[in-house]
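A.B. asks: work.txt is reproduced in full below (compact mmCIF, C-alpha atoms).
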```txt
# COMPACT_ATOMS: atom_id res chain seq x y z
CA MET A 127 31.94 -27.67 9.59
CA ALA A 128 28.70 -26.64 7.92
CA SER A 129 28.93 -22.90 8.35
CA GLY A 130 27.69 -21.27 5.20
CA ASP A 131 25.61 -24.22 4.11
CA THR A 132 22.11 -23.61 2.89
CA LEU A 133 19.78 -25.58 5.15
CA ALA A 134 16.40 -24.86 3.63
CA ILE A 135 14.71 -22.83 0.95
CA PHE A 136 11.02 -22.03 1.14
CA THR A 137 8.87 -20.65 -1.64
CA PRO A 138 5.31 -19.33 -1.37
CA GLN A 139 3.56 -22.54 -2.38
CA ALA A 140 5.08 -24.26 0.69
CA ASN A 141 3.26 -21.96 3.06
CA GLN A 142 1.17 -23.69 5.73
CA PRO A 143 -0.95 -20.72 6.73
CA PRO A 144 -2.56 -20.16 10.10
CA ALA A 145 -6.34 -20.10 10.31
CA THR A 146 -6.55 -16.32 10.51
CA ASN A 147 -4.48 -13.35 9.42
CA TYR A 148 -2.48 -15.32 6.90
CA ALA A 149 -0.45 -13.90 4.06
CA ALA A 150 -2.34 -14.56 0.85
CA LEU A 151 -0.91 -16.08 -2.27
CA SER A 152 -0.66 -13.68 -5.16
CA VAL A 153 0.96 -13.62 -8.56
CA ARG A 154 3.06 -10.74 -9.78
CA ASN A 155 4.08 -10.89 -13.40
CA GLY A 156 4.09 -14.65 -13.11
CA HIS A 157 6.05 -14.70 -9.86
CA LEU A 158 4.25 -16.44 -7.04
CA VAL A 159 4.43 -14.30 -3.89
CA LEU A 160 2.89 -14.07 -0.45
CA ALA A 161 1.25 -10.70 0.19
CA PHE A 162 1.61 -9.20 3.66
CA ASP A 163 -0.76 -6.39 4.61
CA THR A 164 0.52 -3.03 5.81
CA THR A 165 -1.71 -2.62 8.86
CA THR A 166 -2.84 -6.10 9.90
CA GLN A 167 0.03 -8.35 10.92
CA GLN A 168 -0.17 -11.40 8.71
CA THR A 169 1.74 -14.65 8.94
CA ALA A 170 3.28 -17.34 6.78
CA ILE A 171 4.53 -20.64 8.19
CA PHE A 172 6.92 -23.05 6.53
CA ALA A 173 7.79 -26.54 7.70
CA GLY A 174 10.96 -28.51 7.06
CA VAL A 175 13.38 -31.14 8.34
CA MET A 176 16.81 -30.00 9.43
CA PRO A 177 19.29 -31.58 7.02
CA ARG A 178 22.18 -33.81 8.06
CA ASN A 179 24.84 -31.28 7.16
CA TYR A 180 23.68 -28.92 9.93
CA SER A 181 26.26 -28.65 12.68
CA GLY A 182 24.06 -27.02 15.31
CA GLY A 183 25.20 -23.46 14.88
CA GLY A 184 23.31 -20.22 14.49
CA ILE A 185 21.04 -19.82 11.50
CA THR A 186 20.77 -16.78 9.29
CA VAL A 187 17.40 -16.33 7.65
CA TYR A 188 17.30 -14.39 4.39
CA LEU A 189 14.03 -12.97 3.13
CA ARG A 190 13.66 -11.91 -0.50
CA TRP A 191 10.76 -9.55 -0.97
CA MET A 192 9.49 -6.50 -2.81
CA ALA A 193 7.05 -3.72 -2.14
CA ALA A 194 3.71 -4.06 -3.88
CA SER A 195 3.21 -0.31 -4.23
CA ALA A 196 5.68 1.64 -2.12
CA THR A 197 8.74 3.41 -3.44
CA SER A 198 9.70 4.88 -0.09
CA GLY A 199 9.61 3.93 3.54
CA THR A 200 10.83 0.77 5.17
CA GLY A 201 9.87 -2.90 5.21
CA GLY A 202 10.43 -4.99 8.31
CA TRP A 203 9.76 -8.55 9.42
CA ASP A 204 10.20 -10.99 12.23
CA VAL A 205 10.99 -14.68 12.01
CA THR A 206 10.53 -17.40 14.61
CA PHE A 207 11.60 -21.02 14.78
CA GLU A 208 9.76 -23.91 16.34
CA ARG A 209 11.47 -27.25 16.95
CA ASP A 210 9.29 -30.28 16.30
CA ALA A 211 11.52 -33.04 17.64
CA ASP A 212 11.11 -36.73 18.27
CA ALA A 213 8.96 -37.11 21.42
CA GLY A 214 9.10 -33.36 21.77
CA ASP A 215 6.39 -30.74 21.68
CA ASP A 216 2.70 -31.54 21.37
CA MET A 217 1.89 -30.66 17.77
CA ASP A 218 -1.62 -29.69 18.81
CA ALA A 219 -0.23 -26.44 20.16
CA ASP A 220 2.31 -23.92 18.93
CA SER A 221 5.65 -23.70 20.68
CA TRP A 222 7.47 -20.84 19.04
CA ALA A 223 10.81 -19.60 20.26
CA THR A 224 11.36 -15.87 20.59
CA ALA A 225 10.54 -13.80 17.52
CA GLN A 226 13.69 -12.45 15.88
CA THR A 227 13.44 -9.03 14.32
CA VAL A 228 14.63 -8.53 10.78
CA THR A 229 15.53 -4.88 10.97
CA ALA A 230 13.35 -2.73 8.74
CA VAL A 231 15.21 -1.54 5.67
CA THR A 232 14.41 1.04 3.04
CA VAL A 233 12.38 -0.33 0.15
CA PRO A 234 13.84 -0.02 -3.34
CA GLY A 235 12.93 3.16 -5.19
CA THR A 236 11.19 1.14 -7.87
CA SER A 237 8.24 -1.02 -6.90
CA GLY A 238 8.97 -4.54 -8.08
CA VAL A 239 12.70 -4.47 -7.41
CA LEU A 240 13.77 -7.18 -5.00
CA LYS A 241 15.22 -6.51 -1.58
CA VAL A 242 17.01 -9.05 0.57
CA SER A 243 17.02 -8.62 4.31
CA SER A 244 18.25 -11.02 6.94
CA VAL A 245 18.70 -11.79 10.59
CA ALA A 246 21.36 -13.94 12.23
CA ILE A 247 19.71 -16.12 14.85
CA THR A 248 21.69 -17.57 17.72
CA ALA A 249 21.59 -21.29 18.37
CA GLY A 250 19.64 -22.14 21.51
CA ALA A 251 16.22 -22.11 23.07
CA THR A 252 15.30 -18.52 22.35
CA GLY A 253 16.78 -18.38 18.87
CA THR A 254 16.78 -21.55 16.84
CA ASP A 255 14.67 -23.33 19.48
CA SER A 256 17.62 -25.73 19.70
CA ILE A 257 16.69 -27.48 16.47
CA ALA A 258 18.99 -30.44 15.91
CA VAL A 259 19.91 -32.51 12.88
CA GLY A 260 16.94 -34.54 11.71
CA ASP A 261 14.40 -32.57 13.69
CA GLY A 262 11.26 -31.29 12.11
CA PHE A 263 10.86 -27.58 12.45
CA ARG A 264 8.67 -24.69 11.46
CA LEU A 265 9.59 -21.16 10.54
CA ARG A 266 7.08 -18.37 11.05
CA ILE A 267 7.37 -15.16 9.01
CA ARG A 268 5.46 -12.03 9.96
CA ARG A 269 5.58 -8.51 8.71
CA ASP A 270 6.59 -6.02 11.40
CA VAL A 271 3.67 -3.69 10.76
CA ALA A 272 4.21 -1.79 14.00
CA SER A 273 7.61 -0.49 13.03
CA ASP A 274 7.86 -0.43 9.25
CA THR A 275 6.57 2.51 7.27
CA ALA A 276 6.08 1.42 3.65
CA ALA A 277 2.58 1.90 2.27
CA GLY A 278 0.81 -1.10 0.82
CA ASP A 279 1.63 -4.78 0.84
CA LEU A 280 5.03 -6.42 0.92
CA HIS A 281 5.44 -9.40 -1.37
CA LEU A 282 7.57 -12.23 0.00
CA VAL A 283 9.26 -14.15 -2.81
CA ASP A 284 11.25 -16.78 -0.95
CA VAL A 285 13.18 -17.60 2.21
CA GLU A 286 16.61 -19.13 2.67
CA CYS A 287 17.96 -20.55 5.92
CA LYS A 288 21.74 -20.74 6.06
CA GLU A 289 23.98 -21.90 8.85
CA SER A 290 25.71 -18.77 10.10
CA MET B 56 -22.13 15.73 9.46
CA ALA B 57 -19.63 14.17 11.83
CA ALA B 58 -16.18 12.97 10.82
CA MET B 59 -15.46 9.24 10.72
CA ASN B 60 -14.08 7.72 13.88
CA SER B 61 -10.42 6.74 13.99
CA THR B 62 -11.12 3.06 13.42
CA ASP B 63 -13.07 3.76 10.25
CA ARG B 64 -10.34 6.09 9.05
CA THR B 65 -7.67 3.48 9.73
CA ASN B 66 -9.66 0.79 7.95
CA LEU B 67 -10.26 3.04 4.97
CA GLY B 68 -6.57 3.84 4.70
CA ALA B 69 -5.79 0.13 4.86
CA LEU B 70 -8.36 -0.60 2.16
CA PHE B 71 -6.87 2.06 -0.09
CA GLN B 72 -3.42 0.52 0.29
CA THR B 73 -4.71 -2.99 -0.23
CA ASP B 74 -6.46 -1.98 -3.43
CA ALA B 75 -3.29 -0.36 -4.73
CA SER B 76 -1.24 -3.39 -3.80
CA ARG B 77 -3.60 -5.78 -5.54
CA THR B 78 -2.62 -4.30 -8.87
CA SER B 79 0.91 -3.31 -7.85
CA GLU B 80 -0.08 0.31 -8.38
CA VAL B 81 2.77 2.56 -7.30
CA LEU B 82 2.22 4.82 -4.30
CA SER B 83 5.13 7.13 -4.86
CA GLY B 84 6.79 9.05 -2.08
CA VAL B 85 4.25 8.31 0.62
CA LEU B 86 4.47 6.27 3.79
CA LYS B 87 1.54 4.46 5.33
CA SER B 88 1.33 7.25 7.89
CA ASP B 89 0.98 9.72 5.00
CA ILE B 90 -1.90 7.70 3.60
CA GLN B 91 -3.66 7.76 6.95
CA ALA B 92 -3.11 11.51 7.25
CA ALA B 93 -4.57 11.97 3.77
CA VAL B 94 -7.65 9.95 4.69
CA ALA B 95 -8.18 12.17 7.70
CA ALA B 96 -7.73 15.31 5.63
CA VAL B 97 -10.19 14.17 2.97
CA ASP B 98 -12.73 13.23 5.62
CA ASP B 99 -12.34 16.61 7.27
CA TRP B 100 -12.77 18.28 3.89
CA VAL B 101 -15.98 16.37 3.25
CA VAL B 102 -17.34 17.45 6.60
CA ALA B 103 -16.39 21.06 5.95
CA ASN B 104 -17.90 21.10 2.47
CA ALA B 105 -21.01 18.98 2.89
CA THR B 106 -23.30 21.97 2.92
CA SER B 107 -21.64 23.44 -0.14
CA PHE B 108 -22.11 20.20 -2.01
CA ASN B 109 -25.74 19.97 -1.05
CA ASN B 110 -26.37 23.54 -2.16
CA ALA B 111 -24.76 22.80 -5.53
CA LEU B 112 -27.42 20.22 -6.36
CA PRO B 113 -30.41 21.18 -8.51
CA ALA B 114 -33.55 21.74 -6.47
CA ALA B 115 -35.25 18.47 -7.39
CA ALA B 116 -32.25 16.33 -6.50
CA LYS B 117 -31.50 18.39 -3.43
CA ALA B 118 -35.03 17.87 -2.13
CA GLY B 119 -35.65 14.36 -3.40
CA LEU B 120 -32.48 12.37 -2.82
CA THR B 121 -31.58 11.03 0.56
CA THR B 122 -28.28 11.93 2.18
CA ALA B 123 -26.92 8.48 1.37
CA GLN B 124 -28.02 8.80 -2.26
CA LYS B 125 -26.34 12.19 -2.56
CA ALA B 126 -23.16 10.76 -1.10
CA ARG B 127 -23.28 7.87 -3.55
CA LEU B 128 -23.80 10.26 -6.43
CA LEU B 129 -20.75 12.23 -5.37
CA MET B 130 -18.75 9.00 -5.13
CA TYR B 131 -19.81 7.94 -8.64
CA VAL B 132 -18.87 11.28 -10.16
CA VAL B 133 -15.50 11.44 -8.46
CA ARG B 134 -14.71 7.84 -9.29
CA LYS B 135 -15.60 8.28 -12.95
CA ARG B 136 -13.53 11.43 -13.27
CA TYR B 137 -10.44 9.98 -11.65
CA GLU B 138 -10.55 6.24 -12.18
CA VAL B 139 -7.27 4.80 -13.38
CA GLY B 140 -6.81 5.42 -17.06
CA ALA B 141 -9.66 7.94 -17.34
```
Any chance you could put this one into C-alpha cells?

C.D. replies:
Amino acid sequence: MASGDTLAIFTPQANQPPATNYAALSVRNGHLVLAFDTTTQQTAIFAGVMPRNYSGGGITVYLRWMAASATSGTGGWDVTFERDADAGDDMDADSWATAQTVTAVTVPGTSGVLKVSSVAITAGATGTDSIAVGDGFRLRIRRDVASDTAAGDLHLVDVECKES
Amino acid sequence: MAAMNSTDRTNLGALFQTDASRTSEVLSGVLKSDIQAAVAAVDDWVVANATSFNNALPAAAKAGLTTAQKARLLMYVVRKRYEVGA
C-alpha cells in the first residue's frame, strides 16, 4: 500500500516549457520561482518517471505558490497528466488527459507568504491518464486566469505529487 | 480624442500588473478586475481633460509641440512626480 507516498517533487529549474506562453523563471529573494501572468494563461511542464512504490491509485497534486503583488483576491490553477508509456503515445504530439481544476483560493494577506493548494486526481484515463509504475509522464501546470481574481503574477515555488 | 479600445485597455492593465510583479511590488486590496476598471477610468479622464491640459501649456509649446510630444511631456512629468521612491 503506497497511499500517502510522495511520488515526485518538481522545482522550477525542472520546467520543460512549451514554445509559447510559458511561465518564466524568476528569482524572489533568492528563491527560484516560475511566474504566471494574470491575464495570459501560461504553462509549465514537468517530466518524470513514476516510481516503483506507486500502487496505481489516485494522485494528489500539491502546488506551493505565492502572489507576486496581490494581497487580496484568489489564485487558481489547473493540472493535467500525460502518460508516456512503453510503446504508447507518439511523443511528437501532446496527449494530455483532462485538465483538473485546483480550486481558486484566497491569496495570503501578505505578498510573499506561501500558499499551498491541491487537487485530488482520480486514477484512470481522464485523471492520471492511467500512468503505471515505471511509465514516463508529464505534468502540465497552468494558471486559471479565467476564474481567479488576484492582480499580478503568481509565483510557483514547487510541486509535489502524492498518492492519494 | 477617442478613448482606447478594450484590447488596448486590457493590455495596459496587464502591463501594469506585470511591471508590479517583476519587482514584487504590493498591489494592496485590488483585484485584477479593479486594475482594469482603473485603467478605463484613467483613460476616460484623459479624454475628458485633454483640452484642459492643452490649454494649460504656454503658447509656444501649445503651438509648437505635436500631440504626441505633448502626451509624452505629460507622461514624463507624471512619472517623475510619482515614480517609486520619489

A.B. asks: Between A:Ser273, A:Thr200, A:Ser195, A:Thr232, which is the closest to chain B once you count all atoms listed in the file?

C.D. replies: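 When distances to chain B are compared using all atoms listed in the file, the smallest one comes from A:Ser195.
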
A.B. asks: Within 8 Å of chain A, which residues of chain B show up when using all atoms listed in the file, listed as a list of chain:residue names?

C.D. replies: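 Applying the cut-off to the listed atoms yields B:Ala69, B:Gln72, B:Thr73, B:Ala75, B:Ser76, B:Arg77, B:Ser79, B:Glu80, B:Val81, B:Leu82, B:Ser83, B:Gly84, B:Val85, B:Leu86, B:Lys87, B:Ser88, B:Ile90.
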
A.B. asks: Return the single residue from B:Thr106, B:Gln91, B:Thr78, B:Gln124 that is closest to B:Thr65, with distances computed using only C-alpha atoms.

C.D. replies: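 Using only C-alpha atoms, B:Thr65 sits closest to B:Gln91.
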
A.B. asks: Please return the centre and edge lengths, in Å to one decimal, of a box with edges along x, y and z that contains all listed atoms of stretch 202-209 of chain A, widened by 4 Å on every side, as lines of an AutoDock Vina configuration file.

C.D. replies:
```
center_x = 10.7
center_y = -16.1
center_z = 12.6
size_x = 9.8
size_y = 30.3
size_z = 16.6
```

A.B. asks: Counting all atoms listed in the file, which residues come within 10 Å of (27.5, -27.0, 13.5), with the point read in the file's coordinates, and could you list them as number ranges by chain?

C.D. replies: A: 127-129, 131, 179-185, 249, 258-259, 289-290

A.B. asks: Got a sec: who's within 10 Å of A:Asp212, counting all atoms listed in the file, leaving out chain neighbours fewer than 3 positions off, as a short mmCIF file (atom, residue, chain, number, x, y, z; two decimals) with C-alpha atoms, in the frame of the given file?

C.D. replies:
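Final file, result_31.cif:
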```cif
data_model
loop_
_atom_site.label_atom_id
_atom_site.label_comp_id
_atom_site.auth_asym_id
_atom_site.auth_seq_id
_atom_site.Cartn_x
_atom_site.Cartn_y
_atom_site.Cartn_z
CA ARG A 209 11.47 -27.25 16.95
CA ASP A 215 6.39 -30.74 21.68
CA GLY A 260 16.94 -34.54 11.71
CA ASP A 261 14.40 -32.57 13.69
CA GLY A 262 11.26 -31.29 12.11
#
```

A.B. asks: Skip A:Asn141 itself and residues of its chain fewer than 4 positions away, then list as a PyMOL selection string all residues within 10 Å of it, counting all atoms listed in the file.

C.D. replies: chain A and resi 136-137+148-151+160+169-173+265-267

A.B. asks: Figure out the distance between atom CA of A:Val271 and atom CA of A:Glu208, please, to one decimal in Å.

C.D. replies: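 Distance between the two atoms: 21.8 Å.
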
A.B. asks: Which of these, A:Lys241, A:Arg269, A:Lys288, A:Arg264, has the shortest distance to A:Val187 once you count all atoms listed in the file?

C.D. replies: A:Lys288

A.B. asks: At a cut-off of 9 Å, using only C-alpha atoms, what residues contact stretch 93-96 of chain B? Leave out same-chain residues fewer than 6 positions from it and give the result as a list in words.

C.D. replies: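 Using only C-alpha atoms, the neighbours found are Ala58, Met59, Ser61, Arg64, Thr65, Leu67 and Gly68 of chain B.
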
A.B. asks: In Å, how far is it from atom CA of A:Ala134 to atom CA of A:Gly174?

C.D. replies: 7.4 Å

A.B. asks: Quick one: distance from atom CA of B:Asn110 to atom CA of B:Lys125 in Å, one decimal?

C.D. replies: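 Atom CA of B:Lys125 lies 11.4 Å from atom CA of B:Asn110.
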